[in-house]
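Here is final10.cif, consisting of mmCIF, C-alpha atoms:
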```
data_input
loop_
_atom_site.label_atom_id
_atom_site.label_comp_id
_atom_site.auth_asym_id
_atom_site.auth_seq_id
_atom_site.Cartn_x
_atom_site.Cartn_y
_atom_site.Cartn_z
CA MET A 11 0.00 0.00 0.00
CA ARG A 12 2.77 2.45 0.92
CA TRP A 13 4.68 1.94 -2.33
CA LEU A 14 1.48 2.10 -4.40
CA LEU A 15 0.85 5.51 -2.83
CA VAL A 16 4.47 6.55 -3.57
CA ALA A 17 3.89 5.60 -7.25
CA LEU A 18 0.62 7.58 -7.21
CA ILE A 19 2.51 10.61 -5.82
CA VAL A 20 5.51 10.54 -8.20
CA GLY A 21 3.82 9.42 -11.47
CA PRO A 22 0.80 11.75 -11.63
CA GLY A 23 2.82 14.52 -9.92
CA THR A 24 5.43 14.43 -12.69
CA VAL A 25 2.81 14.26 -15.46
CA GLY A 26 0.96 17.16 -13.81
CA ASP A 27 4.08 19.35 -13.66
CA LEU A 28 4.97 18.64 -17.31
CA LEU A 29 1.43 19.37 -18.56
CA THR A 30 0.96 22.54 -16.49
CA THR A 31 4.36 23.84 -17.63
CA ALA A 32 3.48 23.21 -21.30
CA GLY A 33 0.02 24.76 -20.74
CA MET A 34 1.42 27.89 -19.07
CA LYS A 35 4.05 28.41 -21.79
CA ARG A 36 1.21 28.30 -24.35
CA HIS A 37 -0.80 30.76 -22.25
CA GLY A 38 2.08 33.22 -22.25
CA GLU A 39 3.89 35.22 -19.58
CA VAL A 40 1.69 36.36 -16.68
CA ASN A 41 2.28 40.02 -15.73
CA ASP A 42 -0.92 41.08 -13.92
CA PHE A 43 -0.82 40.02 -10.26
CA THR A 44 -3.79 42.12 -9.08
CA VAL A 45 -6.87 40.24 -7.79
CA PRO A 46 -8.91 40.95 -10.99
CA GLY A 47 -5.86 39.95 -13.05
CA LEU A 48 -5.51 36.64 -11.21
CA ALA A 49 -9.27 36.00 -11.48
CA ARG A 50 -9.02 36.60 -15.24
CA LEU A 51 -6.02 34.23 -15.36
CA LEU A 52 -8.04 31.49 -13.60
CA TRP A 53 -10.92 31.98 -16.04
CA GLN A 54 -8.58 31.64 -19.02
CA LEU A 55 -6.82 28.60 -17.51
CA SER A 56 -10.17 26.88 -16.88
CA ARG A 57 -10.41 26.49 -20.68
CA ASN A 58 -6.79 25.31 -21.16
CA LEU A 59 -6.84 21.49 -21.57
CA TYR A 60 -3.16 21.09 -20.60
CA ILE A 61 -3.85 22.90 -17.31
CA ILE A 62 -7.07 20.99 -16.58
CA ILE A 63 -5.54 17.53 -17.11
CA GLY A 64 -2.34 18.67 -15.37
CA ILE A 65 -4.22 19.84 -12.28
CA VAL A 66 -6.29 16.63 -12.15
CA ALA A 67 -2.99 14.69 -12.18
CA MET A 68 -1.56 16.96 -9.44
CA ALA A 69 -4.73 16.47 -7.38
CA ILE A 70 -4.31 12.67 -7.58
CA SER A 71 -0.71 13.12 -6.42
CA PHE A 72 -1.78 15.48 -3.60
CA PHE A 73 -4.49 13.15 -2.22
CA ALA A 74 -2.09 10.20 -2.45
CA LEU A 75 0.39 12.24 -0.37
CA MET A 76 -2.34 13.04 2.18
CA ASP A 77 -3.16 9.34 2.40
CA LEU A 78 0.50 8.35 2.70
CA LEU A 79 1.12 10.90 5.46
CA SER A 80 -1.81 9.49 7.41
CA ILE A 81 -0.30 5.96 7.44
CA ALA A 82 3.47 6.57 7.15
CA LYS A 83 5.98 8.92 8.75
CA LEU A 84 7.27 12.00 6.94
CA SER A 85 10.72 10.35 7.09
CA PHE A 86 9.41 7.62 4.77
CA ALA A 87 7.14 9.73 2.57
CA ILE A 88 9.51 12.55 1.61
CA PRO A 89 12.70 10.53 0.80
CA ALA A 90 10.58 8.06 -1.20
CA THR A 91 9.30 10.88 -3.41
CA ALA A 92 12.57 12.92 -3.62
CA SER A 93 13.62 11.06 -6.80
CA SER A 94 11.00 13.11 -8.66
CA TYR A 95 13.44 16.08 -8.74
CA LEU A 96 15.78 14.15 -11.04
CA LEU A 97 12.96 12.53 -13.03
CA GLU A 98 11.30 15.90 -13.69
CA THR A 99 14.61 17.58 -14.55
CA ALA A 100 15.34 14.85 -17.13
CA LEU A 101 11.83 15.04 -18.63
CA ALA A 102 11.96 18.87 -18.69
CA LYS A 103 15.12 18.54 -20.79
CA TYR A 104 13.92 15.82 -23.19
CA LEU A 105 10.18 16.55 -23.47
CA LEU A 106 10.00 20.32 -22.87
CA GLY A 107 13.34 21.15 -24.51
CA GLU A 108 14.73 23.08 -21.55
CA GLU A 109 18.48 23.74 -21.46
CA VAL A 110 19.67 21.70 -18.50
CA GLY A 111 23.36 22.39 -17.95
CA TRP A 112 25.64 21.09 -15.19
CA LYS A 113 24.40 23.69 -12.69
CA ARG A 114 20.79 22.50 -13.00
CA TRP A 115 21.80 18.82 -12.79
CA ALA A 116 24.03 19.53 -9.78
CA GLY A 117 21.29 21.62 -8.18
CA ALA A 118 18.60 18.97 -8.70
CA SER A 119 20.92 16.22 -7.33
CA LEU A 120 21.89 18.25 -4.25
CA VAL A 121 18.25 19.15 -3.58
CA ALA A 122 17.11 15.50 -3.95
CA ILE A 123 19.74 14.35 -1.41
CA GLY A 124 19.02 17.36 0.82
CA VAL A 125 15.28 16.63 0.82
CA MET A 126 16.00 13.00 1.86
CA LEU A 127 18.23 14.15 4.73
CA ILE A 128 15.90 16.90 5.97
CA SER A 129 13.00 14.52 6.58
CA PHE A 130 14.92 12.26 9.03
CA MET B 7 14.31 44.77 -18.83
CA ILE B 8 16.40 41.77 -17.76
CA SER B 9 16.72 43.05 -14.18
CA ARG B 10 12.92 43.57 -13.98
CA PHE B 11 12.49 39.97 -15.21
CA ILE B 12 14.89 38.68 -12.55
CA THR B 13 13.19 40.76 -9.82
CA LYS B 14 9.75 39.46 -10.86
CA THR B 15 11.04 35.87 -10.85
CA ALA B 16 12.57 36.33 -7.37
CA ALA B 17 9.39 37.96 -5.98
CA ILE B 18 6.98 35.31 -7.30
CA THR B 19 9.38 32.51 -6.27
CA THR B 20 9.30 33.93 -2.72
CA VAL B 21 5.47 33.94 -2.71
CA VAL B 22 5.45 30.32 -3.97
CA VAL B 23 7.95 29.18 -1.30
CA VAL B 24 6.23 30.93 1.64
CA SER B 25 2.67 29.90 0.69
CA ASN B 26 3.82 26.30 0.24
CA ALA B 27 5.69 26.03 3.56
CA VAL B 28 3.06 27.84 5.66
CA GLY B 29 0.23 26.03 3.82
CA ASN B 30 1.78 22.62 4.47
CA TYR B 31 2.41 23.57 8.12
CA ALA B 32 -1.26 24.52 8.60
CA LEU B 33 -2.54 21.48 6.69
CA GLY B 34 -0.22 19.17 8.66
CA LYS B 35 -1.46 20.61 11.96
CA GLY B 36 -5.06 20.22 10.79
CA MET B 37 -4.59 16.64 9.56
CA GLN B 38 -3.12 15.65 12.93
CA GLU B 39 -6.35 16.88 14.53
CA VAL B 40 -8.47 15.05 11.93
CA GLY B 41 -6.54 11.76 12.14
CA HIS B 42 -6.32 8.63 10.02
CA LEU B 43 -7.50 9.03 6.39
CA VAL B 44 -7.12 6.22 3.86
CA THR B 45 -10.34 5.72 1.93
CA TRP B 46 -11.87 6.14 -1.48
CA GLN B 47 -15.01 7.65 0.11
CA PRO B 48 -15.38 11.47 -0.15
CA GLY B 49 -17.12 11.82 3.25
CA PRO B 50 -14.08 11.79 5.58
CA TYR B 51 -12.23 14.25 3.29
CA LEU B 52 -15.20 16.66 3.31
CA GLN B 53 -15.35 16.38 7.10
CA ALA B 54 -11.65 17.31 7.29
CA PHE B 55 -12.53 20.59 5.56
CA THR B 56 -14.39 21.80 8.68
CA ASP B 57 -11.10 22.08 10.62
CA PRO B 58 -9.80 25.73 10.65
CA TRP B 59 -6.18 24.63 10.19
CA VAL B 60 -7.17 22.47 7.20
CA ILE B 61 -9.12 25.43 5.70
CA ALA B 62 -6.15 27.84 6.20
CA GLY B 63 -3.79 25.24 4.72
CA VAL B 64 -6.01 24.61 1.69
CA VAL B 65 -6.46 28.37 1.01
CA LEU B 66 -2.68 28.91 1.15
CA LEU B 67 -2.04 25.87 -1.07
CA ILE B 68 -4.54 27.20 -3.65
CA ALA B 69 -2.58 30.50 -3.63
CA TRP B 70 0.62 28.43 -3.97
CA LEU B 71 -0.86 26.62 -7.01
CA ILE B 72 -1.92 29.87 -8.78
CA PHE B 73 1.42 31.64 -8.22
CA ARG B 74 3.36 28.51 -9.18
CA LEU B 75 1.37 28.33 -12.45
CA ALA B 76 2.12 32.03 -13.05
CA LEU B 77 5.85 31.39 -12.43
CA LEU B 78 5.78 28.47 -14.88
CA SER B 79 4.34 30.82 -17.55
CA TRP B 80 7.86 32.16 -18.08
CA ALA B 81 10.30 30.08 -15.97
CA ASP B 82 11.56 26.56 -16.78
CA LEU B 83 10.16 23.57 -14.83
CA SER B 84 13.74 22.43 -14.07
CA TYR B 85 14.36 25.91 -12.59
CA VAL B 86 11.09 26.15 -10.62
CA ILE B 87 11.13 22.73 -8.91
CA THR B 88 14.67 23.24 -7.63
CA VAL B 89 14.55 26.86 -6.43
CA THR B 90 11.13 26.35 -4.79
CA SER B 91 12.44 23.30 -2.88
CA THR B 92 13.78 25.90 -0.41
CA SER B 93 10.25 25.69 1.06
CA TYR B 94 11.53 22.54 2.85
CA ILE B 95 14.03 24.76 4.68
CA LEU B 96 11.28 27.15 5.74
CA SER B 97 9.17 24.13 6.82
CA ALA B 98 12.04 22.83 8.99
CA LEU B 99 12.47 26.27 10.56
CA LEU B 100 8.69 26.60 11.17
CA GLY B 101 8.84 23.21 12.92
CA LYS B 102 11.82 24.32 15.02
CA PHE B 103 10.36 27.65 16.14
CA PHE B 104 6.63 26.89 16.41
CA LEU B 105 6.54 23.17 17.27
CA ALA B 106 9.87 23.13 19.16
CA GLU B 107 11.00 20.27 16.91
CA GLU B 108 14.62 19.26 17.19
CA VAL B 109 16.71 19.98 14.06
CA SER B 110 19.22 17.12 13.98
CA ALA B 111 22.69 17.24 12.39
CA LEU B 112 21.28 15.27 9.41
CA ARG B 113 18.53 17.87 8.93
CA TRP B 114 21.05 20.73 9.05
CA ALA B 115 23.10 18.86 6.42
CA GLY B 116 19.94 18.57 4.30
CA ILE B 117 19.27 22.30 4.70
CA VAL B 118 22.83 23.10 3.54
CA LEU B 119 22.54 20.79 0.48
CA ILE B 120 19.15 22.25 -0.55
CA THR B 121 20.51 25.78 -0.16
CA VAL B 122 23.61 25.04 -2.28
CA GLY B 123 21.47 23.23 -4.90
CA ALA B 124 18.98 26.12 -5.09
CA VAL B 125 21.86 28.64 -5.40
CA PHE B 126 23.36 26.63 -8.30
CA VAL B 127 20.05 26.63 -10.17
CA GLY B 128 19.27 30.21 -9.11
CA GLU B 129 22.42 31.29 -10.94
CA THR B 130 21.07 29.97 -14.27
CA PHE B 131 18.77 32.12 -16.42
CA PRO B 132 15.17 31.15 -15.46
CA SER B 133 13.84 30.77 -19.01
CA THR B 134 15.42 28.74 -21.84
CA THR B 135 12.41 27.76 -23.99
CA ASP B 136 10.00 29.55 -26.30
CA GLU B 137 6.28 29.97 -25.63
CA THR B 138 5.39 26.40 -26.71
CA GLY B 139 7.34 24.95 -23.80
CA GLY B 140 9.21 22.71 -26.21
CA LEU B 141 6.19 20.62 -27.20
CA ALA B 142 5.33 21.04 -30.89
CA GLU B 143 1.92 22.48 -31.71
CA GLU B 144 -0.60 19.92 -32.88
#
```
Could you render the structure as structure tokens?
Amino acid sequence: MRWLLVALIVGPGTVGDLLTTAGMKRHGEVNDFTVPGLARLLWQLSRNLYIIIGIVAMAISFFALMDLLSIAKLSFAIPATASSYLLETALAKYLLGEEVGWKRWAGASLVAIGVMLISF
Amino acid sequence: MISRFITKTAAITTVVVVSNAVGNYALGKGMQEVGHLVTWQPGPYLQAFTDPWVIAGVVLLIAWLIFRLALLSWADLSYVITVTSTSYILSALLGKFFLAEEVSALRWAGIVLITVGAVFVGETFPSTTDETGGLAEE
């Protein structure tokens, strides 16, 4: 059960991040951070299929994390999901075409190890 | 132009990090009050939403989601996930100061590694793709 929940956190979480990133790049750069501006943004995003499917995937990941945290300690849950930093960095490079140089690889690796350590 | 872009990225990144850490803190506190939750039924989840800490946590996490989406409208995913991981540091510090949790040597080591990792990525330019996010238009 615990590892099924880990898979439901990492898999849909990664898919959700990739889809929302692609959806937001298509939407274009957000510059209006006033309340009406953010309300307008939400209205526009509610018709963006990448964002809708991405957020559904992120919601699955979020509820799986809530479930996992109710049956397992944080020191199991967080290290088990830390690998997603490297998985998402690799997929951002190969699927989204981001330039991932040594600094981003080093940063993602250090953060993944750091996140494992911080939850003990 | 470039400096305004960098300032905007830093400001929205800060909002994302703070709303995430404080939102998770509030939600965690609320879920401890609510208790065990593994079910496919919606009832127990809806009941959890009557707890004030859960409500505060959910509101902050909705703000986190909106500002994170806004950040992703110009910044790379590989940039955003790494620099916003500094929310774990803020979470550890919230635990230390508000819940009197012990920060062990291992946790301090983790805080140092996350900081160095975020600084590495923070030194790269936030945006390296065009508006299609790399995926070809259908």
Report as a ChimeraX atom specification the full result of the PyMOL selection byres ((chain B) within 9 of (chain A)) when it is applied to this structure.
/B:14,34,37-38,41-45,72-73,75-85,87-89,91-92,94-95,98,109-110,112-130,133-141
Chain and number of each residue from the PyMOL selection byres ((chain A and resi 70) around 8), as an MDAnalysis selection string
chainID A and resid 18:19 22:23 66:69 71:74
Output, as lines of an AutoDock Vina configuration file, the centre and edge lengths in Å (one decimal) of the axis-aligned box that contains all listed atoms of range 47-61 of chain A with 3 Å of margin on each side.
```
center_x = -7.0
center_y = 30.5
center_z = -16.4
size_x = 13.8
size_y = 24.9
size_z = 16.4
```
Pairwise distance for CA of Gly47 in chain A and CA of Ala27 in chain B, rounded to one decimal in Å:
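Separating CA of Gly47 in chain A from CA of Ala27 in chain B is a distance of 24.6 Å.
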Could you jot down the CA of Val40 in chain B to CA of Val64 in chain B separation for me, Å, one decimal place?
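Between these atoms lies a distance of 14.2 Å.
The shell of residues at most 7 Å from range 52-59 of chain B, with only C-alpha atoms counted and near chain neighbours (fewer than 3 positions) removed, consists of Ala32, Leu33, Lys35, Gly36, Val40, Pro48, Gly49, Ala62 and Gly63 of chain B.
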Dump C-alpha atoms for the selected residues as a PDB file, in the frame of the given file?
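Contents of the output file result.pdb:
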```pdb
ATOM      1  CA  ALA B  32      -1.260  24.520   8.600  1.00  0.00           C
ATOM      2  CA  LEU B  33      -2.540  21.480   6.690  1.00  0.00           C
ATOM      3  CA  LYS B  35      -1.460  20.610  11.960  1.00  0.00           C
ATOM      4  CA  GLY B  36      -5.060  20.220  10.790  1.00  0.00           C
ATOM      5  CA  VAL B  40      -8.470  15.050  11.930  1.00  0.00           C
ATOM      6  CA  PRO B  48     -15.380  11.470  -0.150  1.00  0.00           C
ATOM      7  CA  GLY B  49     -17.120  11.820   3.250  1.00  0.00           C
ATOM      8  CA  ALA B  62      -6.150  27.840   6.200  1.00  0.00           C
ATOM      9  CA  GLY B  63      -3.790  25.240   4.720  1.00  0.00           C
TER      10      GLY B  63
END
```
To one decimal in Å, tell me the separation between CA of Ala90 in chain A and CA of Val16 in chain A.
6.7 Å
Who sits within 8 Å of range 66-70 of chain B, only C-alpha atoms, same chain under 4 positions skipped, as a list in words
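Those residues are Val21, Val22, Val23, Ser25, Asn26, Val28, Gly29, Asn30, Ala62 and Arg74 of chain B.
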Step by step: locate range 14-50 of chain A in the block above, keep N, CA and C atoms, then write the file as a PDB file, in the first residue's frame.
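What follows is the written file decode30.pdb:
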```pdb
ATOM      1  N   LEU A  14       2.495   1.718  -3.407  1.00  0.00           N
ATOM      2  CA  LEU A  14       1.476   2.096  -4.400  1.00  0.00           C
ATOM      3  C   LEU A  14       1.196   3.599  -4.288  1.00  0.00           C
ATOM      4  N   LEU A  15       1.093   4.076  -3.040  1.00  0.00           N
ATOM      5  CA  LEU A  15       0.851   5.514  -2.832  1.00  0.00           C
ATOM      6  C   LEU A  15       2.046   6.341  -3.310  1.00  0.00           C
ATOM      7  N   VAL A  16       3.286   5.832  -3.084  1.00  0.00           N
ATOM      8  CA  VAL A  16       4.474   6.546  -3.575  1.00  0.00           C
ATOM      9  C   VAL A  16       4.404   6.676  -5.101  1.00  0.00           C
ATOM     10  N   ALA A  17       4.017   5.565  -5.779  1.00  0.00           N
ATOM     11  CA  ALA A  17       3.890   5.604  -7.247  1.00  0.00           C
ATOM     12  C   ALA A  17       2.804   6.586  -7.683  1.00  0.00           C
ATOM     13  N   LEU A  18       1.720   6.655  -6.889  1.00  0.00           N
ATOM     14  CA  LEU A  18       0.621   7.582  -7.212  1.00  0.00           C
ATOM     15  C   LEU A  18       0.992   9.036  -6.899  1.00  0.00           C
ATOM     16  N   ILE A  19       2.019   9.248  -6.082  1.00  0.00           N
ATOM     17  CA  ILE A  19       2.506  10.609  -5.825  1.00  0.00           C
ATOM     18  C   ILE A  19       3.456  11.032  -6.941  1.00  0.00           C
ATOM     19  N   VAL A  20       4.443  10.171  -7.247  1.00  0.00           N
ATOM     20  CA  VAL A  20       5.506  10.539  -8.199  1.00  0.00           C
ATOM     21  C   VAL A  20       4.985  10.564  -9.647  1.00  0.00           C
ATOM     22  N   GLY A  21       4.262   9.512 -10.066  1.00  0.00           N
ATOM     23  CA  GLY A  21       3.822   9.421 -11.467  1.00  0.00           C
ATOM     24  C   GLY A  21       2.893  10.570 -11.868  1.00  0.00           C
ATOM     25  N   PRO A  22       1.701  10.648 -11.273  1.00  0.00           N
ATOM     26  CA  PRO A  22       0.796  11.752 -11.626  1.00  0.00           C
ATOM     27  C   PRO A  22       1.383  13.127 -11.298  1.00  0.00           C
ATOM     28  N   GLY A  23       2.203  13.237 -10.256  1.00  0.00           N
ATOM     29  CA  GLY A  23       2.816  14.524  -9.918  1.00  0.00           C
ATOM     30  C   GLY A  23       3.724  15.013 -11.037  1.00  0.00           C
ATOM     31  N   THR A  24       4.512  14.079 -11.593  1.00  0.00           N
ATOM     32  CA  THR A  24       5.427  14.427 -12.687  1.00  0.00           C
ATOM     33  C   THR A  24       4.642  14.793 -13.953  1.00  0.00           C
ATOM     34  N   VAL A  25       3.648  13.972 -14.286  1.00  0.00           N
ATOM     35  CA  VAL A  25       2.812  14.258 -15.464  1.00  0.00           C
ATOM     36  C   VAL A  25       2.126  15.618 -15.295  1.00  0.00           C
ATOM     37  N   GLY A  26       1.633  15.893 -14.096  1.00  0.00           N
ATOM     38  CA  GLY A  26       0.958  17.157 -13.813  1.00  0.00           C
ATOM     39  C   GLY A  26       1.883  18.348 -14.010  1.00  0.00           C
ATOM     40  N   ASP A  27       3.121  18.242 -13.501  1.00  0.00           N
ATOM     41  CA  ASP A  27       4.078  19.350 -13.659  1.00  0.00           C
ATOM     42  C   ASP A  27       4.424  19.579 -15.128  1.00  0.00           C
ATOM     43  N   LEU A  28       4.620  18.490 -15.888  1.00  0.00           N
ATOM     44  CA  LEU A  28       4.967  18.638 -17.311  1.00  0.00           C
ATOM     45  C   LEU A  28       3.821  19.291 -18.083  1.00  0.00           C
ATOM     46  N   LEU A  29       2.580  18.818 -17.821  1.00  0.00           N
ATOM     47  CA  LEU A  29       1.434  19.370 -18.557  1.00  0.00           C
ATOM     48  C   LEU A  29       1.151  20.822 -18.174  1.00  0.00           C
ATOM     49  N   THR A  30       1.237  21.151 -16.880  1.00  0.00           N
ATOM     50  CA  THR A  30       0.957  22.540 -16.487  1.00  0.00           C
ATOM     51  C   THR A  30       2.043  23.473 -17.022  1.00  0.00           C
ATOM     52  N   THR A  31       3.301  23.002 -17.067  1.00  0.00           N
ATOM     53  CA  THR A  31       4.364  23.840 -17.631  1.00  0.00           C
ATOM     54  C   THR A  31       4.094  24.105 -19.109  1.00  0.00           C
ATOM     55  N   ALA A  32       3.769  23.038 -19.863  1.00  0.00           N
ATOM     56  CA  ALA A  32       3.479  23.208 -21.296  1.00  0.00           C
ATOM     57  C   ALA A  32       2.260  24.114 -21.484  1.00  0.00           C
ATOM     58  N   GLY A  33       1.230  23.941 -20.649  1.00  0.00           N
ATOM     59  CA  GLY A  33       0.021  24.764 -20.743  1.00  0.00           C
ATOM     60  C   GLY A  33       0.300  26.228 -20.445  1.00  0.00           C
ATOM     61  N   MET A  34       1.128  26.498 -19.428  1.00  0.00           N
ATOM     62  CA  MET A  34       1.423  27.889 -19.068  1.00  0.00           C
ATOM     63  C   MET A  34       2.301  28.567 -20.120  1.00  0.00           C
ATOM     64  N   LYS A  35       3.222  27.817 -20.732  1.00  0.00           N
ATOM     65  CA  LYS A  35       4.053  28.410 -21.789  1.00  0.00           C
ATOM     66  C   LYS A  35       3.166  28.794 -22.974  1.00  0.00           C
ATOM     67  N   ARG A  36       2.153  27.965 -23.270  1.00  0.00           N
ATOM     68  CA  ARG A  36       1.214  28.297 -24.346  1.00  0.00           C
ATOM     69  C   ARG A  36       0.374  29.505 -23.984  1.00  0.00           C
ATOM     70  N   HIS A  37       0.003  29.613 -22.697  1.00  0.00           N
ATOM     71  CA  HIS A  37      -0.799  30.756 -22.246  1.00  0.00           C
ATOM     72  C   HIS A  37      -0.013  32.060 -22.403  1.00  0.00           C
ATOM     73  N   GLY A  38       1.263  32.012 -22.153  1.00  0.00           N
ATOM     74  CA  GLY A  38       2.080  33.219 -22.251  1.00  0.00           C
ATOM     75  C   GLY A  38       2.378  33.808 -20.886  1.00  0.00           C
ATOM     76  N   GLU A  39       3.384  34.681 -20.846  1.00  0.00           N
ATOM     77  CA  GLU A  39       3.889  35.219 -19.583  1.00  0.00           C
ATOM     78  C   GLU A  39       2.824  36.009 -18.822  1.00  0.00           C
ATOM     79  N   VAL A  40       2.654  35.666 -17.537  1.00  0.00           N
ATOM     80  CA  VAL A  40       1.694  36.362 -16.680  1.00  0.00           C
ATOM     81  C   VAL A  40       2.359  37.612 -16.102  1.00  0.00           C
ATOM     82  N   ASN A  41       1.703  38.770 -16.245  1.00  0.00           N
ATOM     83  CA  ASN A  41       2.275  40.020 -15.733  1.00  0.00           C
ATOM     84  C   ASN A  41       1.348  40.752 -14.770  1.00  0.00           C
ATOM     85  N   ASP A  42       0.061  40.381 -14.757  1.00  0.00           N
ATOM     86  CA  ASP A  42      -0.915  41.081 -13.920  1.00  0.00           C
ATOM     87  C   ASP A  42      -1.181  40.264 -12.647  1.00  0.00           C
ATOM     88  N   PHE A  43      -0.666  40.765 -11.516  1.00  0.00           N
ATOM     89  CA  PHE A  43      -0.825  40.023 -10.257  1.00  0.00           C
ATOM     90  C   PHE A  43      -1.844  40.675  -9.327  1.00  0.00           C
ATOM     91  N   THR A  44      -2.697  41.566  -9.886  1.00  0.00           N
ATOM     92  CA  THR A  44      -3.793  42.122  -9.083  1.00  0.00           C
ATOM     93  C   THR A  44      -4.868  41.045  -8.937  1.00  0.00           C
ATOM     94  N   VAL A  45      -5.799  41.230  -7.986  1.00  0.00           N
ATOM     95  CA  VAL A  45      -6.866  40.237  -7.789  1.00  0.00           C
ATOM     96  C   VAL A  45      -7.706  40.049  -9.063  1.00  0.00           C
ATOM     97  N   PRO A  46      -8.159  41.163  -9.730  1.00  0.00           N
ATOM     98  CA  PRO A  46      -8.909  40.948 -10.989  1.00  0.00           C
ATOM     99  C   PRO A  46      -8.053  40.242 -12.046  1.00  0.00           C
ATOM    100  N   GLY A  47      -6.770  40.585 -12.079  1.00  0.00           N
ATOM    101  CA  GLY A  47      -5.864  39.952 -13.048  1.00  0.00           C
ATOM    102  C   GLY A  47      -5.750  38.454 -12.814  1.00  0.00           C
ATOM    103  N   LEU A  48      -5.630  38.065 -11.533  1.00  0.00           N
ATOM    104  CA  LEU A  48      -5.508  36.637 -11.208  1.00  0.00           C
ATOM    105  C   LEU A  48      -6.831  35.909 -11.453  1.00  0.00           C
ATOM    106  N   ALA A  49      -7.960  36.613 -11.207  1.00  0.00           N
ATOM    107  CA  ALA A  49      -9.275  36.005 -11.485  1.00  0.00           C
ATOM    108  C   ALA A  49      -9.423  35.751 -12.987  1.00  0.00           C
ATOM    109  N   ARG A  50      -8.964  36.754 -13.794  1.00  0.00           N
ATOM    110  CA  ARG A  50      -9.016  36.599 -15.244  1.00  0.00           C
ATOM    111  C   ARG A  50      -8.121  35.441 -15.683  1.00  0.00           C
TER     112      ARG A  50
END
```
